[in-house]
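To be precise, the following lines are work-v8.cif, and they hold mmCIF, C-alpha atoms.
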```cif
data_target
loop_
_atom_site.label_atom_id
_atom_site.label_comp_id
_atom_site.auth_asym_id
_atom_site.auth_seq_id
_atom_site.Cartn_x
_atom_site.Cartn_y
_atom_site.Cartn_z
CA MET V 169 28.98 -5.94 -9.52
CA ASP V 170 30.59 -9.23 -8.52
CA HIS V 171 28.78 -10.41 -5.41
CA PRO V 172 27.23 -13.81 -4.70
CA LEU V 173 24.01 -12.36 -3.21
CA ILE V 174 23.68 -8.85 -4.68
CA HIS V 175 23.43 -7.59 -8.25
CA ASP V 176 22.28 -4.46 -10.02
CA ARG V 177 19.90 -4.79 -12.96
CA GLY V 178 19.08 -1.09 -13.05
CA ARG V 179 16.99 -0.84 -9.88
CA GLY V 180 20.03 -0.30 -7.64
CA PRO V 181 21.86 -2.88 -5.53
CA GLU V 182 19.36 -5.69 -5.17
CA LEU V 183 19.24 -9.16 -3.61
CA ILE V 184 19.52 -11.74 -6.37
CA GLY V 185 16.24 -13.57 -6.95
CA THR V 186 14.16 -10.87 -5.25
CA ARG V 187 12.74 -7.39 -5.86
CA ILE V 188 14.38 -6.09 -2.68
CA THR V 189 16.85 -3.27 -3.19
CA ILE V 190 19.21 -1.82 -0.62
CA TYR V 191 16.81 1.15 -0.46
CA ASN V 192 14.04 -1.10 0.85
CA LEU V 193 16.28 -2.04 3.76
CA VAL V 194 17.89 1.31 4.58
CA PRO V 195 14.92 2.47 6.73
CA TYR V 196 15.36 -0.68 8.83
CA PHE V 197 19.16 -0.24 9.06
CA LEU V 198 18.68 3.32 10.31
CA LYS V 199 16.52 2.26 13.25
CA PRO V 200 18.42 0.45 16.01
CA VAL V 201 15.29 -1.41 17.12
CA TRP V 202 15.57 -3.72 14.10
CA THR V 203 17.71 -6.83 14.48
CA GLU V 204 19.02 -8.88 11.56
CA ALA V 205 16.44 -11.59 12.30
CA GLY V 206 13.61 -9.07 12.54
CA ILE V 207 14.51 -7.46 9.22
CA ALA V 208 14.74 -10.88 7.61
CA GLU V 209 11.31 -11.90 8.86
CA ALA V 210 9.70 -8.57 7.94
CA ASN V 211 11.00 -8.76 4.37
CA CYS V 212 10.68 -12.51 3.72
CA ILE V 213 14.44 -12.95 3.24
CA THR V 214 17.23 -14.76 5.09
CA VAL V 215 19.47 -13.41 7.82
CA GLU V 216 22.41 -14.03 5.50
CA GLN V 217 20.82 -11.78 2.85
CA VAL V 218 20.23 -9.04 5.44
CA ALA V 219 23.84 -9.31 6.62
CA ALA V 220 25.10 -9.03 3.03
CA MET V 221 23.00 -5.92 2.46
CA ARG V 222 24.10 -4.35 5.75
CA ALA V 223 27.73 -4.95 4.81
CA TYR V 224 27.09 -3.37 1.40
CA PHE V 225 25.37 -0.43 3.09
CA LEU V 226 28.32 0.18 5.42
CA ALA V 227 30.84 -0.11 2.60
CA HIS V 228 28.93 2.29 0.31
CA TYR V 229 27.25 4.45 2.92
CA ALA V 230 27.54 7.83 1.22
CA ASP V 231 26.33 6.64 -2.19
CA VAL V 232 23.45 4.63 -0.74
CA MET V 233 22.34 7.46 1.54
CA ALA V 234 22.45 9.95 -1.34
CA GLN V 235 20.06 7.77 -3.36
CA HIS V 236 17.99 7.06 -0.26
CA GLU V 237 17.48 10.80 0.21
CA LYS V 238 16.37 11.12 -3.43
CA ILE V 239 13.79 8.39 -2.87
CA GLU V 240 12.64 10.01 0.37
CA GLU V 241 12.28 13.32 -1.47
CA ARG V 242 10.23 11.60 -4.20
CA PHE V 243 7.95 10.16 -1.52
CA ARG V 244 7.66 13.52 0.28
CA LYS V 245 6.69 15.23 -2.97
CA GLY V 246 4.17 12.53 -3.81
CA MET V 247 2.59 12.72 -0.38
CA ALA V 248 2.49 16.52 -0.45
CA GLU V 249 0.82 16.39 -3.87
CA GLN V 250 -1.66 13.88 -2.52
CA ALA V 251 -2.43 16.06 0.52
CA ARG V 252 -3.38 19.09 -1.58
CA PRO V 253 -7.07 20.07 -1.11
CA GLU V 254 -7.57 19.96 -4.90
CA PHE V 255 -6.48 16.33 -4.97
CA GLN V 256 -8.37 15.35 -1.84
CA ALA V 257 -11.52 16.88 -3.36
CA ARG V 258 -11.63 13.92 -5.78
CA PHE V 259 -12.67 11.63 -2.93
CA TRP V 260 -15.89 11.34 -0.96
CA TRP V 261 -14.77 8.95 1.76
CA ASN V 262 -12.92 10.13 4.84
CA ARG V 263 -12.35 8.85 8.36
CA GLU V 264 -15.50 10.41 9.79
CA ARG V 265 -17.71 8.89 7.07
CA LEU V 266 -15.96 5.55 7.36
CA ASP V 267 -16.58 5.44 11.11
CA HIS V 268 -20.26 6.22 10.52
CA PHE V 269 -20.38 3.51 7.88
CA ARG V 270 -18.85 1.02 10.34
CA ASP V 271 -21.49 1.89 12.96
CA TRP V 272 -24.28 1.89 10.36
CA LEU V 273 -23.27 -1.60 9.24
CA ASN V 274 -23.18 -2.83 12.84
CA GLU V 275 -26.67 -1.47 13.50
CA ARG V 276 -28.01 -3.15 10.37
CA ARG V 277 -26.43 -6.44 11.40
CA LEU V 278 -28.01 -6.21 14.86
CA LEU V 279 -31.37 -5.64 13.17
CA GLY V 280 -30.86 -8.82 11.17
CA ASP V 281 -30.07 -7.14 7.87
CA ASN V 282 -27.17 -9.01 6.29
CA GLY V 283 -26.72 -6.39 3.59
CA ASP V 284 -26.74 -8.89 0.78
CA GLU V 285 -27.38 -6.24 -1.86
CA GLY V 286 -24.56 -5.26 -4.18
CA MET V 287 -21.80 -2.97 -3.03
CA LYS V 288 -22.92 -0.05 -5.19
CA SER V 289 -26.47 -0.05 -3.84
CA LEU V 290 -25.22 -0.50 -0.27
CA LEU V 291 -22.89 2.48 -0.59
CA ALA V 292 -25.62 4.53 -2.26
CA GLU V 293 -28.02 3.69 0.58
CA PHE V 294 -25.42 4.70 3.15
CA GLN V 295 -24.72 7.96 1.35
CA VAL V 296 -28.45 8.85 1.37
CA TRP V 297 -28.63 8.01 5.09
CA TYR V 298 -25.47 9.96 5.85
CA GLU V 299 -26.48 13.05 3.91
CA SER V 300 -30.03 13.09 5.29
CA ARG V 301 -28.53 12.84 8.76
CA SER V 302 -26.16 15.71 8.05
CA SER V 303 -28.91 17.85 6.54
CA VAL V 304 -30.95 17.78 9.76
CA GLY V 305 -27.93 18.87 11.75
CA VAL V 306 -27.14 15.67 13.62
CA ALA V 307 -23.67 15.98 15.07
CA MET S 85 -11.46 -4.36 -8.93
CA ASN S 86 -10.76 -7.98 -8.14
CA GLY S 87 -8.21 -7.74 -5.37
CA LEU S 88 -4.90 -6.58 -4.00
CA LEU S 89 -1.48 -8.00 -4.77
CA ALA S 90 0.99 -7.67 -1.89
CA ASP S 91 4.52 -7.17 -3.15
CA HIS S 92 6.92 -9.87 -2.00
CA ASN S 93 8.49 -7.95 0.89
CA VAL S 94 5.29 -6.40 2.26
CA GLU S 95 3.14 -9.49 2.66
CA GLY S 96 3.56 -9.31 6.45
CA HIS S 97 2.87 -5.58 6.43
CA VAL S 98 -0.43 -6.07 4.58
CA THR S 99 -1.43 -8.82 7.02
CA ARG S 100 -0.60 -6.47 9.89
CA ILE S 101 -2.75 -3.68 8.40
CA ILE S 102 -5.72 -6.02 8.01
CA ASP S 103 -5.27 -7.41 11.54
CA VAL S 104 -5.19 -3.89 13.01
CA LEU S 105 -8.31 -2.90 11.04
CA ILE S 106 -10.17 -5.94 12.36
CA SER S 107 -9.01 -5.26 15.94
CA ALA S 108 -10.26 -1.67 15.63
CA GLY S 109 -13.76 -2.82 14.71
CA TYR S 110 -13.63 -2.53 10.93
CA VAL S 111 -14.19 -6.23 10.31
CA ASP S 112 -17.61 -5.78 8.65
CA VAL S 113 -16.31 -2.86 6.62
CA TRP S 114 -13.36 -4.92 5.37
CA LYS S 115 -15.59 -7.90 4.59
CA LYS S 116 -17.91 -5.69 2.52
CA LEU S 117 -15.03 -5.00 0.16
CA ALA S 118 -14.86 -8.75 -0.54
CA LEU S 119 -11.34 -8.45 -1.89
CA THR S 120 -8.81 -11.21 -2.22
CA VAL S 121 -5.26 -10.41 -1.12
CA ASP S 122 -2.79 -12.36 -3.22
CA SER S 123 0.97 -12.77 -3.21
CA CYS S 124 3.42 -13.05 -6.09
CA ARG S 125 3.92 -16.69 -5.19
CA SER S 126 0.20 -17.43 -5.28
CA TRP S 127 0.24 -16.07 -8.82
CA GLY S 128 3.16 -18.31 -9.65
CA ILE S 129 5.41 -15.42 -10.63
CA SER S 130 9.01 -15.02 -9.67
CA ASP S 131 9.99 -12.97 -6.62
CA SER S 132 12.39 -11.13 -8.93
CA THR S 133 9.79 -10.01 -11.48
CA ASP S 134 10.49 -6.47 -12.67
CA ASP S 135 8.18 -3.59 -11.76
CA ARG S 136 6.75 -3.12 -15.23
CA THR S 137 5.80 -6.78 -15.64
CA LEU S 138 4.19 -6.80 -12.18
CA TRP S 139 2.31 -3.58 -12.91
CA ASN S 140 1.03 -4.89 -16.25
CA LEU S 141 -0.06 -8.18 -14.67
CA CYS S 142 -1.97 -6.30 -11.98
CA GLN S 143 -3.74 -4.14 -14.54
CA SER S 144 -4.68 -7.09 -16.76
CA ARG S 145 -6.06 -9.04 -13.78
CA GLY S 146 -7.88 -6.11 -12.17
CA TYR S 147 -5.62 -5.94 -9.11
CA SER S 148 -4.03 -3.06 -7.27
CA LEU S 149 -0.43 -3.54 -6.19
CA ILE S 150 0.55 -2.78 -2.58
CA THR S 151 4.26 -2.11 -2.45
CA ALA S 152 7.06 -0.38 -0.59
CA ASN S 153 8.79 0.06 -3.91
CA ARG S 154 12.07 1.94 -3.41
CA ASN S 155 14.56 1.76 -6.24
CA HIS S 156 16.32 3.68 -9.00
CA GLU S 157 14.19 4.93 -11.83
CA ASP S 158 14.85 3.02 -15.05
CA GLU S 159 12.82 2.03 -18.09
CA ASN S 160 11.14 -0.80 -16.18
CA SER S 161 10.64 1.01 -12.87
CA LEU S 162 7.20 1.45 -11.37
CA GLU S 163 7.39 5.19 -12.05
CA ALA S 164 8.06 4.53 -15.74
CA ALA S 165 5.29 1.93 -15.97
CA ILE S 166 2.81 4.31 -14.33
CA ARG S 167 3.84 7.14 -16.67
CA ASP S 168 3.24 4.86 -19.66
CA GLY S 169 -0.15 3.76 -18.31
CA THR S 170 -3.68 4.90 -19.06
CA PRO S 171 -6.32 6.91 -17.13
CA ALA S 172 -8.14 3.62 -16.56
CA ASP S 173 -5.27 2.04 -14.63
CA LEU S 174 -5.78 0.90 -11.06
CA PRO S 175 -3.49 2.65 -8.58
CA ALA S 176 -0.41 1.26 -6.87
CA PHE S 177 -0.73 1.67 -3.11
CA THR S 178 2.67 2.57 -1.68
CA LEU S 179 3.53 2.09 1.97
CA ALA S 180 5.27 5.35 2.79
CA ASP S 181 7.07 4.02 5.88
CA ALA S 182 6.83 0.24 5.71
CA ASP S 183 8.80 -0.68 8.80
CA ARG S 184 6.70 1.69 10.95
CA ILE S 185 3.62 -0.37 10.11
CA LEU S 186 5.11 -3.26 12.02
CA ASN S 187 5.99 -1.20 15.11
CA ASP S 188 3.24 1.41 15.41
CA SER S 189 -0.37 0.26 15.62
CA ASP S 190 -1.82 3.75 15.18
CA TYR S 191 0.23 4.23 12.03
CA ALA S 192 -0.81 0.81 10.73
CA LEU S 193 -4.46 1.68 11.40
CA ALA S 194 -4.10 5.04 9.63
CA SER S 195 -2.65 3.20 6.64
CA GLY S 196 -5.53 0.70 6.65
CA ILE S 197 -8.14 3.45 6.97
CA SER S 198 -6.64 5.30 4.00
CA LEU S 199 -6.63 2.09 1.98
CA ILE S 200 -10.30 1.40 2.72
CA GLU S 201 -11.27 5.00 1.92
CA TYR S 202 -9.62 4.73 -1.50
CA LEU S 203 -11.19 1.32 -2.16
CA PHE S 204 -14.68 2.62 -1.34
CA ASP S 205 -14.12 5.66 -3.54
CA LEU S 206 -13.10 3.24 -6.27
CA GLU S 207 -16.46 1.48 -5.85
CA ARG S 208 -18.47 4.69 -5.59
CA SER S 209 -16.87 6.72 -8.35
CA PRO S 210 -14.08 4.83 -10.14
CA GLU S 211 -12.96 7.93 -12.05
CA SER S 212 -11.84 9.53 -8.78
CA VAL S 213 -9.23 6.82 -8.20
CA LEU S 214 -8.37 5.30 -11.58
CA GLY S 215 -5.33 6.80 -13.22
CA THR S 216 -3.99 8.36 -10.03
CA GLY S 217 -0.82 6.23 -10.22
CA ARG S 218 0.84 5.91 -6.85
CA LEU S 219 -1.32 6.49 -3.80
CA TYR S 220 0.65 6.69 -0.57
CA LEU S 221 -0.56 5.04 2.62
CA PRO S 222 -1.40 6.60 4.96
CA SER S 223 -2.77 9.50 2.96
CA LYS S 224 -2.61 11.83 5.94
CA THR S 225 -0.06 11.56 8.71
CA LYS S 226 -0.44 13.25 12.06
#
```

Could you write out this file's structure as structure tokens?
Amino acid sequence: MDHPLIHDRGRGPELIGTRITIYNLVPYFLKPVWTEAGIAEANCITVEQVAAMRAYFLAHYADVMAQHEKIEERFRKGMAEQARPEFQARFWWNRERLDHFRDWLNERRLLGDNGDEGMKSLLAEFQVWYESRSSVGVA
Amino acid sequence: MNGLLADHNVEGHVTRIIDVLISAGYVDVWKKLALTVDSCRSWGISDSTDDRTLWNLCQSRGYSLITANRNHEDENSLEAAIRDGTPADLPAFTLADADRILNDSDYALASGISLIEYLFDLERSPESVLGTGRLYLPSKTK
């Protein structure tokens, strides 16, 4: 590829001197809300670099979109794998427990407890509190 | 784990996630994690560093990478580096829809909540998180 701002070192068309490929920018190009300046700011690049990538995108639309769809499919598969109950069973924390932990920390702070113990003992203490609370049927 | 490394083009996204978490009342929770959030520049590495080098640096320094990594698979891609890794490797957190984080507060919060959940699981039982490779944020979308 002979372009002053874009090269391909195996990751796909990429801005020289960055790790930003055309596929990082396609989601922005596909949403009309994003201006050139906004995309530049969001990705820590210049407006000129965004314009070069947009021009490349328009000139190679079919090829870029075909690869974009492959990447989207890879992400969809990864997220579906991650959403499986068998995978989720690896983890103890969830939103409900996290919200209780947030409130539990706030209560401790109000009582003057700065929670200076180590993270492991703090989490263990919370887990005991949480499970004792659950075992007596507190909603 | 020592911290998080924000990939070059998601530094603003990571800042946004943390800001939304703090606004939603998770400031004490976030502080308890006591994590540093670094950038490639703060590490003095080039913005054009390849995925494998970045991944290896993160592992050797005890950092998890946060990325929106979207590229072809080659011998130095993140996928390849993860495949060649070990069960003791820290995960790479991948922003599933990076631009949405900047435009949708609820989505940014969901991403931040998922991140915190994984980080606490890493503290509580490292084996549940280590070696999982890519973990997408948010983990559950409505």

(request) Could you list the residues chosen by the PyMOL selection byres ((chain V) within 9 of (chain S)) in this structure as a VMD selection string? (result) chain V and resid 178 to 192 195 to 196 207 209 to 213 235 to 236 239 to 240 243 to 244 246 to 247 250 to 251 258 to 263 266 to 267 269 to 270 273 to 274 283 287 to 288 291 to 292

(message) Since I can't run it myself right now, could you work out what the PyMOL selection byres ((chain V and resi 219-221) around 8) selects here and report it as a count of residues only?
(response) 14

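The gap separating CA of Gln256 in chain V from CA of Thr170 in chain S is 20.7 Å, in Å to one decimal.
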
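In this structure, CA of Tyr191 in chain S sits 21.4 Å away from CA of Ala208 in chain V.
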
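Take CA of Val232 in chain V and CA of His171 in chain V: the distance between them is 16.6 Å.
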
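Every polymer residue reaching to within 7 Å of (-10.4, 0.1, -13.2), counting all atoms listed in the file, appears in this list: Met85, Gly146, Ala172, Asp173, Leu174, Pro210 and Leu214 of chain S.
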
Axis-aligned box for range 195-210 of chain S, 8 Å per side, centre and edges in Å as lines of an AutoDock Vina configuration file:
```
center_x = -10.6
center_y = 3.7
center_z = -1.6
size_x = 31.8
size_y = 22.0
size_z = 33.1
```

(request) Evaluate the PyMOL selection byres ((chain S and resi 121) around 10) here and jot the selected residues down as number ranges by chain. (result) S: 86-90, 95, 98-99, 118-120, 122-123, 126, 147-150
